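Chemist: This is the content of work-v3.txt (compact mmCIF, N, CA and C atoms):
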```txt
# COMPACT_ATOMS: atom_id res chain seq x y z
N MET E 1 9.52 12.76 -9.03
CA MET E 1 9.72 11.60 -9.89
C MET E 1 8.58 11.57 -10.89
N ALA E 2 8.88 11.36 -12.12
CA ALA E 2 7.88 11.35 -13.17
C ALA E 2 7.01 10.10 -13.09
N ARG E 3 5.78 10.21 -13.57
CA ARG E 3 4.85 9.07 -13.55
C ARG E 3 5.43 7.87 -14.28
N THR E 4 6.08 8.09 -15.41
CA THR E 4 6.67 6.98 -16.16
C THR E 4 7.72 6.28 -15.32
N THR E 5 8.52 7.03 -14.60
CA THR E 5 9.55 6.45 -13.76
C THR E 5 8.93 5.60 -12.66
N ILE E 6 7.85 6.07 -12.05
CA ILE E 6 7.19 5.30 -11.01
C ILE E 6 6.67 4.00 -11.58
N ARG E 7 5.99 4.05 -12.73
CA ARG E 7 5.46 2.83 -13.34
C ARG E 7 6.59 1.87 -13.71
N THR E 8 7.68 2.41 -14.23
CA THR E 8 8.82 1.57 -14.59
C THR E 8 9.38 0.90 -13.34
N THR E 9 9.53 1.66 -12.27
CA THR E 9 10.02 1.11 -11.02
C THR E 9 9.08 0.04 -10.49
N LEU E 10 7.78 0.31 -10.52
CA LEU E 10 6.81 -0.65 -10.03
C LEU E 10 6.84 -1.94 -10.84
N ALA E 11 6.98 -1.82 -12.15
CA ALA E 11 7.04 -3.02 -12.99
C ALA E 11 8.27 -3.85 -12.66
N ALA E 12 9.39 -3.20 -12.43
CA ALA E 12 10.61 -3.91 -12.08
C ALA E 12 10.47 -4.61 -10.73
N VAL E 13 9.87 -3.92 -9.77
CA VAL E 13 9.67 -4.53 -8.46
C VAL E 13 8.70 -5.70 -8.55
N ALA E 14 7.65 -5.56 -9.35
CA ALA E 14 6.69 -6.66 -9.51
C ALA E 14 7.38 -7.88 -10.09
N ALA E 15 8.22 -7.67 -11.09
CA ALA E 15 8.94 -8.79 -11.68
C ALA E 15 9.87 -9.44 -10.67
N ALA E 16 10.57 -8.64 -9.90
CA ALA E 16 11.47 -9.18 -8.88
C ALA E 16 10.69 -9.91 -7.80
N THR E 17 9.55 -9.36 -7.42
CA THR E 17 8.72 -9.98 -6.39
C THR E 17 8.25 -11.34 -6.84
N LEU E 18 7.75 -11.43 -8.06
CA LEU E 18 7.27 -12.70 -8.56
C LEU E 18 8.42 -13.70 -8.71
N ALA E 19 9.57 -13.21 -9.13
CA ALA E 19 10.72 -14.09 -9.30
C ALA E 19 11.20 -14.64 -7.96
N LEU E 20 11.16 -13.81 -6.94
CA LEU E 20 11.63 -14.23 -5.62
C LEU E 20 10.58 -15.00 -4.85
N GLY E 21 9.31 -14.81 -5.20
CA GLY E 21 8.24 -15.51 -4.49
C GLY E 21 8.02 -14.98 -3.09
N THR E 22 8.42 -13.77 -2.81
CA THR E 22 8.26 -13.22 -1.47
C THR E 22 6.86 -12.66 -1.29
N GLY E 23 6.45 -12.53 -0.04
CA GLY E 23 5.13 -12.00 0.26
C GLY E 23 5.08 -10.49 0.20
N VAL E 24 6.16 -9.82 0.60
CA VAL E 24 6.20 -8.37 0.60
C VAL E 24 7.60 -7.96 0.18
N LEU E 25 7.67 -7.00 -0.73
CA LEU E 25 8.96 -6.51 -1.17
C LEU E 25 8.87 -5.00 -1.27
N ALA E 26 9.70 -4.30 -0.55
CA ALA E 26 9.68 -2.84 -0.57
C ALA E 26 10.35 -2.32 -1.82
N ALA E 27 9.73 -1.31 -2.42
CA ALA E 27 10.28 -0.70 -3.62
C ALA E 27 11.10 0.53 -3.29
N GLY E 28 11.11 0.93 -2.03
CA GLY E 28 11.86 2.11 -1.64
C GLY E 28 10.99 3.35 -1.71
N PRO E 29 11.54 4.46 -1.29
CA PRO E 29 10.76 5.70 -1.25
C PRO E 29 10.22 6.08 -2.63
N ALA E 30 8.97 6.54 -2.66
CA ALA E 30 8.34 6.96 -3.90
C ALA E 30 8.50 8.47 -4.04
N GLN E 31 7.78 9.21 -3.24
CA GLN E 31 7.87 10.66 -3.21
C GLN E 31 7.54 11.09 -1.79
N ALA E 32 7.77 12.34 -1.48
CA ALA E 32 7.45 12.83 -0.14
C ALA E 32 5.98 12.62 0.16
N SER E 33 5.66 12.25 1.39
CA SER E 33 4.28 11.99 1.77
C SER E 33 3.43 13.25 1.77
N TYR E 34 4.01 14.38 1.47
CA TYR E 34 3.23 15.62 1.40
C TYR E 34 2.73 15.89 -0.01
N ASN E 35 2.83 14.91 -0.91
CA ASN E 35 2.34 15.03 -2.27
C ASN E 35 1.33 13.93 -2.56
N THR E 36 0.45 14.17 -3.53
CA THR E 36 -0.40 13.11 -4.04
C THR E 36 0.45 12.26 -4.97
N VAL E 37 0.41 10.94 -4.80
CA VAL E 37 1.22 10.02 -5.60
C VAL E 37 0.28 9.01 -6.26
N GLU E 38 0.21 9.04 -7.58
CA GLU E 38 -0.64 8.10 -8.34
C GLU E 38 -2.06 8.01 -7.78
N GLY E 39 -2.61 9.14 -7.35
CA GLY E 39 -3.98 9.18 -6.85
C GLY E 39 -4.12 8.99 -5.35
N CYS E 40 -3.03 8.68 -4.66
CA CYS E 40 -3.06 8.51 -3.20
C CYS E 40 -2.68 9.85 -2.57
N ARG E 41 -3.65 10.47 -1.91
CA ARG E 41 -3.43 11.80 -1.36
C ARG E 41 -2.52 11.77 -0.13
N SER E 42 -1.89 12.90 0.11
CA SER E 42 -1.07 13.06 1.30
C SER E 42 -1.92 12.75 2.54
N GLY E 43 -1.37 11.98 3.46
CA GLY E 43 -2.10 11.62 4.68
C GLY E 43 -2.88 10.32 4.56
N GLU E 44 -2.78 9.62 3.44
CA GLU E 44 -3.50 8.36 3.24
C GLU E 44 -2.52 7.20 3.09
N ALA E 45 -3.00 6.02 3.40
CA ALA E 45 -2.37 4.77 2.99
C ALA E 45 -3.33 4.18 1.97
N CYS E 46 -2.81 3.70 0.85
CA CYS E 46 -3.69 3.29 -0.25
C CYS E 46 -3.34 1.90 -0.75
N ILE E 47 -4.39 1.22 -1.24
CA ILE E 47 -4.23 -0.08 -1.90
C ILE E 47 -4.90 0.04 -3.26
N TRP E 48 -4.18 -0.37 -4.30
CA TRP E 48 -4.71 -0.33 -5.66
C TRP E 48 -5.37 -1.65 -6.01
N PRO E 49 -6.22 -1.64 -7.05
CA PRO E 49 -6.80 -2.90 -7.51
C PRO E 49 -5.69 -3.88 -7.90
N GLU E 50 -6.04 -5.13 -8.00
CA GLU E 50 -5.06 -6.17 -8.34
C GLU E 50 -4.24 -5.75 -9.55
N GLY E 51 -2.93 -5.92 -9.46
CA GLY E 51 -2.02 -5.50 -10.51
C GLY E 51 -1.35 -4.19 -10.12
N SER E 52 -0.68 -3.56 -11.04
CA SER E 52 0.03 -2.32 -10.71
C SER E 52 -0.81 -1.10 -11.07
N PRO E 53 -0.54 0.03 -10.39
CA PRO E 53 -1.25 1.25 -10.76
C PRO E 53 -0.83 1.70 -12.15
N ALA E 54 -1.77 2.13 -12.93
CA ALA E 54 -1.50 2.66 -14.26
C ALA E 54 -2.07 4.06 -14.34
N ALA E 55 -1.68 4.79 -15.34
CA ALA E 55 -2.18 6.15 -15.49
C ALA E 55 -3.70 6.15 -15.42
N GLY E 56 -4.23 6.95 -14.53
CA GLY E 56 -5.68 7.10 -14.40
C GLY E 56 -6.35 6.10 -13.49
N VAL E 57 -5.63 5.07 -13.02
CA VAL E 57 -6.23 4.09 -12.11
C VAL E 57 -6.07 4.61 -10.68
N GLN E 58 -7.17 4.77 -10.01
CA GLN E 58 -7.16 5.30 -8.64
C GLN E 58 -7.07 4.15 -7.63
N PRO E 59 -6.59 4.42 -6.43
CA PRO E 59 -6.58 3.39 -5.40
C PRO E 59 -8.00 2.88 -5.14
N SER E 60 -8.13 1.58 -4.86
CA SER E 60 -9.45 1.02 -4.56
C SER E 60 -9.77 1.13 -3.08
N LEU E 61 -8.74 1.25 -2.24
CA LEU E 61 -8.95 1.42 -0.80
C LEU E 61 -8.04 2.54 -0.31
N ARG E 62 -8.61 3.40 0.54
CA ARG E 62 -7.85 4.51 1.12
C ARG E 62 -8.10 4.51 2.62
N PHE E 63 -7.03 4.69 3.38
CA PHE E 63 -7.14 4.72 4.84
C PHE E 63 -6.51 6.00 5.34
N ARG E 64 -7.28 6.83 6.02
CA ARG E 64 -6.81 8.12 6.49
C ARG E 64 -6.86 8.23 8.00
N ASN E 65 -7.88 7.67 8.63
CA ASN E 65 -8.09 7.82 10.07
C ASN E 65 -7.50 6.65 10.84
N ALA E 66 -7.06 6.93 12.06
CA ALA E 66 -6.53 5.87 12.93
C ALA E 66 -7.62 4.84 13.18
N GLY E 67 -7.22 3.57 13.20
CA GLY E 67 -8.16 2.50 13.48
C GLY E 67 -7.71 1.20 12.87
N THR E 68 -8.51 0.17 13.10
CA THR E 68 -8.27 -1.16 12.54
C THR E 68 -9.39 -1.44 11.55
N TYR E 69 -9.04 -1.89 10.37
CA TYR E 69 -10.00 -2.10 9.30
C TYR E 69 -9.86 -3.52 8.76
N ASN E 70 -10.95 -4.25 8.71
CA ASN E 70 -10.93 -5.59 8.13
C ASN E 70 -11.07 -5.48 6.61
N LEU E 71 -10.38 -6.34 5.90
CA LEU E 71 -10.43 -6.37 4.44
C LEU E 71 -11.32 -7.53 4.00
N SER E 72 -11.94 -7.37 2.85
CA SER E 72 -12.69 -8.48 2.26
C SER E 72 -12.52 -8.43 0.75
N ASN E 73 -12.52 -9.60 0.13
CA ASN E 73 -12.39 -9.74 -1.32
C ASN E 73 -11.13 -9.10 -1.87
N GLN E 74 -10.05 -9.15 -1.12
CA GLN E 74 -8.76 -8.63 -1.58
C GLN E 74 -7.82 -9.83 -1.75
N GLU E 75 -7.66 -10.29 -2.96
CA GLU E 75 -6.86 -11.47 -3.25
C GLU E 75 -5.72 -11.13 -4.21
N ASN E 76 -4.71 -11.94 -4.20
CA ASN E 76 -3.58 -11.86 -5.12
C ASN E 76 -2.75 -10.61 -4.89
N TRP E 77 -1.98 -10.20 -5.89
CA TRP E 77 -0.98 -9.13 -5.75
C TRP E 77 -1.58 -7.75 -5.98
N HIS E 78 -1.27 -6.84 -5.05
CA HIS E 78 -1.72 -5.45 -5.10
C HIS E 78 -0.53 -4.56 -4.75
N TRP E 79 -0.59 -3.33 -5.22
CA TRP E 79 0.38 -2.33 -4.79
C TRP E 79 -0.20 -1.57 -3.61
N VAL E 80 0.67 -1.30 -2.63
CA VAL E 80 0.29 -0.59 -1.41
C VAL E 80 1.28 0.55 -1.24
N LEU E 81 0.77 1.72 -0.86
CA LEU E 81 1.63 2.87 -0.59
C LEU E 81 1.20 3.50 0.73
N ASN E 82 2.16 3.69 1.63
CA ASN E 82 1.90 4.44 2.86
C ASN E 82 2.32 5.87 2.58
N ASN E 83 1.35 6.72 2.25
CA ASN E 83 1.59 8.11 1.91
C ASN E 83 1.14 9.03 3.05
N GLN E 84 1.24 8.51 4.27
CA GLN E 84 0.81 9.27 5.44
C GLN E 84 1.89 10.27 5.85
N THR E 85 1.52 11.17 6.71
CA THR E 85 2.44 12.19 7.20
C THR E 85 2.73 11.94 8.68
N SER E 86 3.68 12.66 9.21
CA SER E 86 4.04 12.61 10.63
C SER E 86 4.42 11.20 11.10
N ASN E 87 4.97 10.41 10.19
CA ASN E 87 5.43 9.06 10.51
C ASN E 87 4.34 8.14 11.07
N TRP E 88 3.10 8.34 10.64
CA TRP E 88 2.04 7.42 11.04
C TRP E 88 2.38 6.04 10.52
N LYS E 89 1.88 5.04 11.22
CA LYS E 89 2.16 3.66 10.86
C LYS E 89 1.00 3.03 10.10
N PHE E 90 1.34 2.16 9.16
CA PHE E 90 0.36 1.38 8.42
C PHE E 90 0.84 -0.05 8.46
N ARG E 91 0.00 -0.94 9.00
CA ARG E 91 0.39 -2.34 9.18
C ARG E 91 -0.61 -3.25 8.47
N LEU E 92 -0.09 -4.29 7.84
CA LEU E 92 -0.90 -5.32 7.19
C LEU E 92 -0.87 -6.54 8.10
N CYS E 93 -2.06 -7.08 8.44
CA CYS E 93 -2.14 -8.17 9.41
C CYS E 93 -2.85 -9.39 8.81
N THR E 94 -2.38 -10.57 9.20
CA THR E 94 -2.96 -11.81 8.68
C THR E 94 -4.30 -12.15 9.31
N GLY E 95 -4.54 -11.70 10.54
CA GLY E 95 -5.80 -11.99 11.21
C GLY E 95 -6.77 -10.83 11.11
N TYR E 96 -8.03 -11.09 11.41
CA TYR E 96 -9.03 -10.02 11.46
C TYR E 96 -8.81 -9.17 12.70
N ASN E 97 -9.27 -7.93 12.65
CA ASN E 97 -9.20 -7.00 13.78
C ASN E 97 -7.77 -6.74 14.25
N GLY E 98 -6.82 -6.73 13.32
CA GLY E 98 -5.44 -6.38 13.66
C GLY E 98 -4.69 -7.47 14.40
N THR E 99 -5.12 -8.73 14.28
CA THR E 99 -4.44 -9.83 14.96
C THR E 99 -3.56 -10.60 13.98
N GLY E 100 -2.91 -11.62 14.47
CA GLY E 100 -2.03 -12.43 13.63
C GLY E 100 -0.69 -11.76 13.45
N VAL E 101 -0.01 -12.11 12.40
CA VAL E 101 1.29 -11.52 12.08
C VAL E 101 1.05 -10.22 11.33
N CYS E 102 1.65 -9.14 11.82
CA CYS E 102 1.48 -7.83 11.19
C CYS E 102 2.82 -7.35 10.64
N THR E 103 2.77 -6.72 9.46
CA THR E 103 3.96 -6.21 8.79
C THR E 103 3.80 -4.72 8.57
N ASP E 104 4.80 -3.95 8.98
CA ASP E 104 4.78 -2.49 8.78
C ASP E 104 5.06 -2.14 7.33
N VAL E 105 4.38 -1.11 6.85
CA VAL E 105 4.69 -0.50 5.55
C VAL E 105 5.23 0.89 5.88
N PRO E 106 6.53 1.12 5.71
CA PRO E 106 7.11 2.41 6.07
C PRO E 106 6.50 3.57 5.28
N VAL E 107 6.53 4.75 5.86
CA VAL E 107 6.04 5.96 5.20
C VAL E 107 6.84 6.16 3.91
N ASP E 108 6.15 6.62 2.87
CA ASP E 108 6.75 6.92 1.56
C ASP E 108 7.28 5.69 0.85
N THR E 109 6.72 4.54 1.13
CA THR E 109 7.22 3.30 0.54
C THR E 109 6.12 2.55 -0.19
N TRP E 110 6.43 2.12 -1.42
CA TRP E 110 5.56 1.23 -2.21
C TRP E 110 5.92 -0.20 -1.85
N VAL E 111 4.95 -1.07 -1.71
CA VAL E 111 5.21 -2.50 -1.57
C VAL E 111 4.24 -3.27 -2.45
N ALA E 112 4.73 -4.35 -3.03
CA ALA E 112 3.88 -5.29 -3.75
C ALA E 112 3.52 -6.36 -2.73
N VAL E 113 2.22 -6.59 -2.54
CA VAL E 113 1.77 -7.49 -1.48
C VAL E 113 0.77 -8.49 -2.02
N ASN E 114 0.96 -9.75 -1.67
CA ASN E 114 -0.06 -10.76 -1.92
C ASN E 114 -1.07 -10.59 -0.79
N LEU E 115 -2.23 -10.04 -1.09
CA LEU E 115 -3.23 -9.77 -0.05
C LEU E 115 -4.07 -10.99 0.31
N SER E 116 -3.86 -12.13 -0.36
CA SER E 116 -4.65 -13.32 -0.04
C SER E 116 -4.60 -13.68 1.44
N PRO E 117 -3.42 -13.65 2.10
CA PRO E 117 -3.39 -13.97 3.53
C PRO E 117 -3.63 -12.77 4.45
N ILE E 118 -3.82 -11.57 3.89
CA ILE E 118 -4.00 -10.36 4.70
C ILE E 118 -5.49 -10.15 4.93
N ASN E 119 -5.88 -10.02 6.20
CA ASN E 119 -7.30 -9.86 6.54
C ASN E 119 -7.64 -8.54 7.21
N SER E 120 -6.62 -7.76 7.60
CA SER E 120 -6.91 -6.46 8.21
C SER E 120 -5.70 -5.54 8.10
N VAL E 121 -5.95 -4.26 8.33
CA VAL E 121 -4.89 -3.25 8.35
C VAL E 121 -5.08 -2.40 9.60
N ILE E 122 -3.98 -1.84 10.07
CA ILE E 122 -4.01 -0.94 11.23
C ILE E 122 -3.38 0.37 10.81
N VAL E 123 -4.05 1.48 11.11
CA VAL E 123 -3.52 2.82 10.89
C VAL E 123 -3.37 3.44 12.27
N SER E 124 -2.16 3.91 12.60
CA SER E 124 -1.94 4.49 13.93
C SER E 124 -0.89 5.59 13.89
N PRO E 125 -1.00 6.55 14.84
CA PRO E 125 0.00 7.62 14.90
C PRO E 125 1.34 7.10 15.41
```
In structure tokens, how does this file's structure come out?
Modeler:
Amino acid sequence: MARTTIRTTLAAVAAATLALGTGVLAAGPAQASYNTVEGCRSGEACIWPEGSPAAGVQPSLRFRNAGTYNLSNQENWHWVLNNQTSNWKFRLCTGYNGTGVCTDVPVDTWVAVNLSPINSVIVSP
């Protein structure tokens, strides 16, 4: 999929997300998790700075190893991509240390997420 197509898709999903007022909206498969996608390397789950990824903008957070990670200073809408391999799981949780309500981000899927209520992420095989 061409970079322009990804950006166009992301912009459409962002508009739909804001219009619907939902917390998480899946944009569908981006590319195979065995490729680097908009700076997110194969085997990583990535979060971009507030707003959508643009040409040359790298992810601000990358998660590669299994574990639970607390987030700080992540507010408002961000794009998230689970670009992991072997069907590893990436979960966004409302509580610290992987507690609270957790939402799965499927492999090869972009989601627009309001990170204001998200306080941790879990990466697991």
Chemist: Considering only strand (DSSP E) as DSSP defines it on the backbone, what residues of stretch 53-97 of chain E qualify? List them as a ChimeraX atom specification.
Modeler: /E:61-63,67-70,77-83,89-93
Chemist: From the options E:Trp110, E:Val123, E:Leu92, E:Tyr34, which residue's atoms come nearest to E:Phe63, counting all atoms listed in the file?
Modeler: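 Using all atoms listed in the file, E:Phe63 sits closest to E:Val123.
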Chemist: Find, counting only C-alpha atoms, the residue in E:Asp108, E:Val113, E:Asn97, E:Ser42 that gets nearest to E:Asn82.
Modeler: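 Using only C-alpha atoms, E:Asn82 sits closest to E:Asp108.
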Chemist: Name the residues in contact with E:Gln58 at a cut-off of 7 Å, using only N, CA and C atoms, excluding same-chain residues fewer than 5 positions from it; report them as a PyMOL selection string.
Modeler: chain E and resi 38-40+47-49+53
Chemist: Keeping only N, CA and C atoms, write the selected residues to a file as an mmCIF file, keeping the file's coordinate frame.
Modeler:
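Contents of the output file again-v5.cif:
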```cif
data_model
loop_
_atom_site.group_PDB
_atom_site.id
_atom_site.type_symbol
_atom_site.label_atom_id
_atom_site.label_comp_id
_atom_site.auth_asym_id
_atom_site.auth_seq_id
_atom_site.Cartn_x
_atom_site.Cartn_y
_atom_site.Cartn_z
ATOM 1 N N GLU E 38 0.210 9.040 -7.580
ATOM 2 C CA GLU E 38 -0.640 8.100 -8.340
ATOM 3 C C GLU E 38 -2.060 8.010 -7.780
ATOM 4 N N GLY E 39 -2.610 9.140 -7.350
ATOM 5 C CA GLY E 39 -3.980 9.180 -6.850
ATOM 6 C C GLY E 39 -4.120 8.990 -5.350
ATOM 7 N N CYS E 40 -3.030 8.680 -4.660
ATOM 8 C CA CYS E 40 -3.060 8.510 -3.200
ATOM 9 C C CYS E 40 -2.680 9.850 -2.570
ATOM 10 N N ILE E 47 -4.390 1.220 -1.240
ATOM 11 C CA ILE E 47 -4.230 -0.080 -1.900
ATOM 12 C C ILE E 47 -4.900 0.040 -3.260
ATOM 13 N N TRP E 48 -4.180 -0.370 -4.300
ATOM 14 C CA TRP E 48 -4.710 -0.330 -5.660
ATOM 15 C C TRP E 48 -5.370 -1.650 -6.010
ATOM 16 N N PRO E 49 -6.220 -1.640 -7.050
ATOM 17 C CA PRO E 49 -6.800 -2.900 -7.510
ATOM 18 C C PRO E 49 -5.690 -3.880 -7.900
ATOM 19 N N PRO E 53 -0.540 0.030 -10.390
ATOM 20 C CA PRO E 53 -1.250 1.250 -10.760
ATOM 21 C C PRO E 53 -0.830 1.700 -12.150
#
```
Chemist: Between E:Thr85, E:Leu115, E:Asn73, E:Phe90, single out the one closest to E:Cys102, counting all atoms listed in the file.
Modeler: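 With all atoms listed in the file as the atom set, the closest residue is E:Phe90.
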Chemist: Skip E:Arg62 itself and residues of its chain fewer than 2 positions away, then list as a VMD selection string all residues within 9 Å of it, counting only C-alpha atoms.
Modeler: chain E and resid 40 to 41 44 to 48 59 to 60 64
Chemist: Using only N, CA and C atoms for the distances, tell me which of E:Gly51, E:Gly98, E:Gly56, E:Gly43 is nearest to E:Thr68.
Modeler: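 Nearest to E:Thr68: E:Gly98.
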Chemist: Expressed in Å to a single decimal, how great is the separation between atom CA of E:Tyr96 and atom N of E:Trp77?
Modeler: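 Interatomic distance here is 18.7 Å.
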Chemist: Can you tell me how far atom CA of E:Thr36 sits from atom CA of E:Asn83, in Å to one decimal?
Modeler: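 Computing the Euclidean distance for atom CA of E:Thr36 and atom CA of E:Asn83 yields 8.0 Å.
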Chemist: Could you tell me how far atom CA of E:Val121 sits from atom CA of E:Lys89, in Å to one decimal place?
Modeler: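 Answer for the atom CA of E:Lys89 to atom CA of E:Val121 separation: 10.2 Å.
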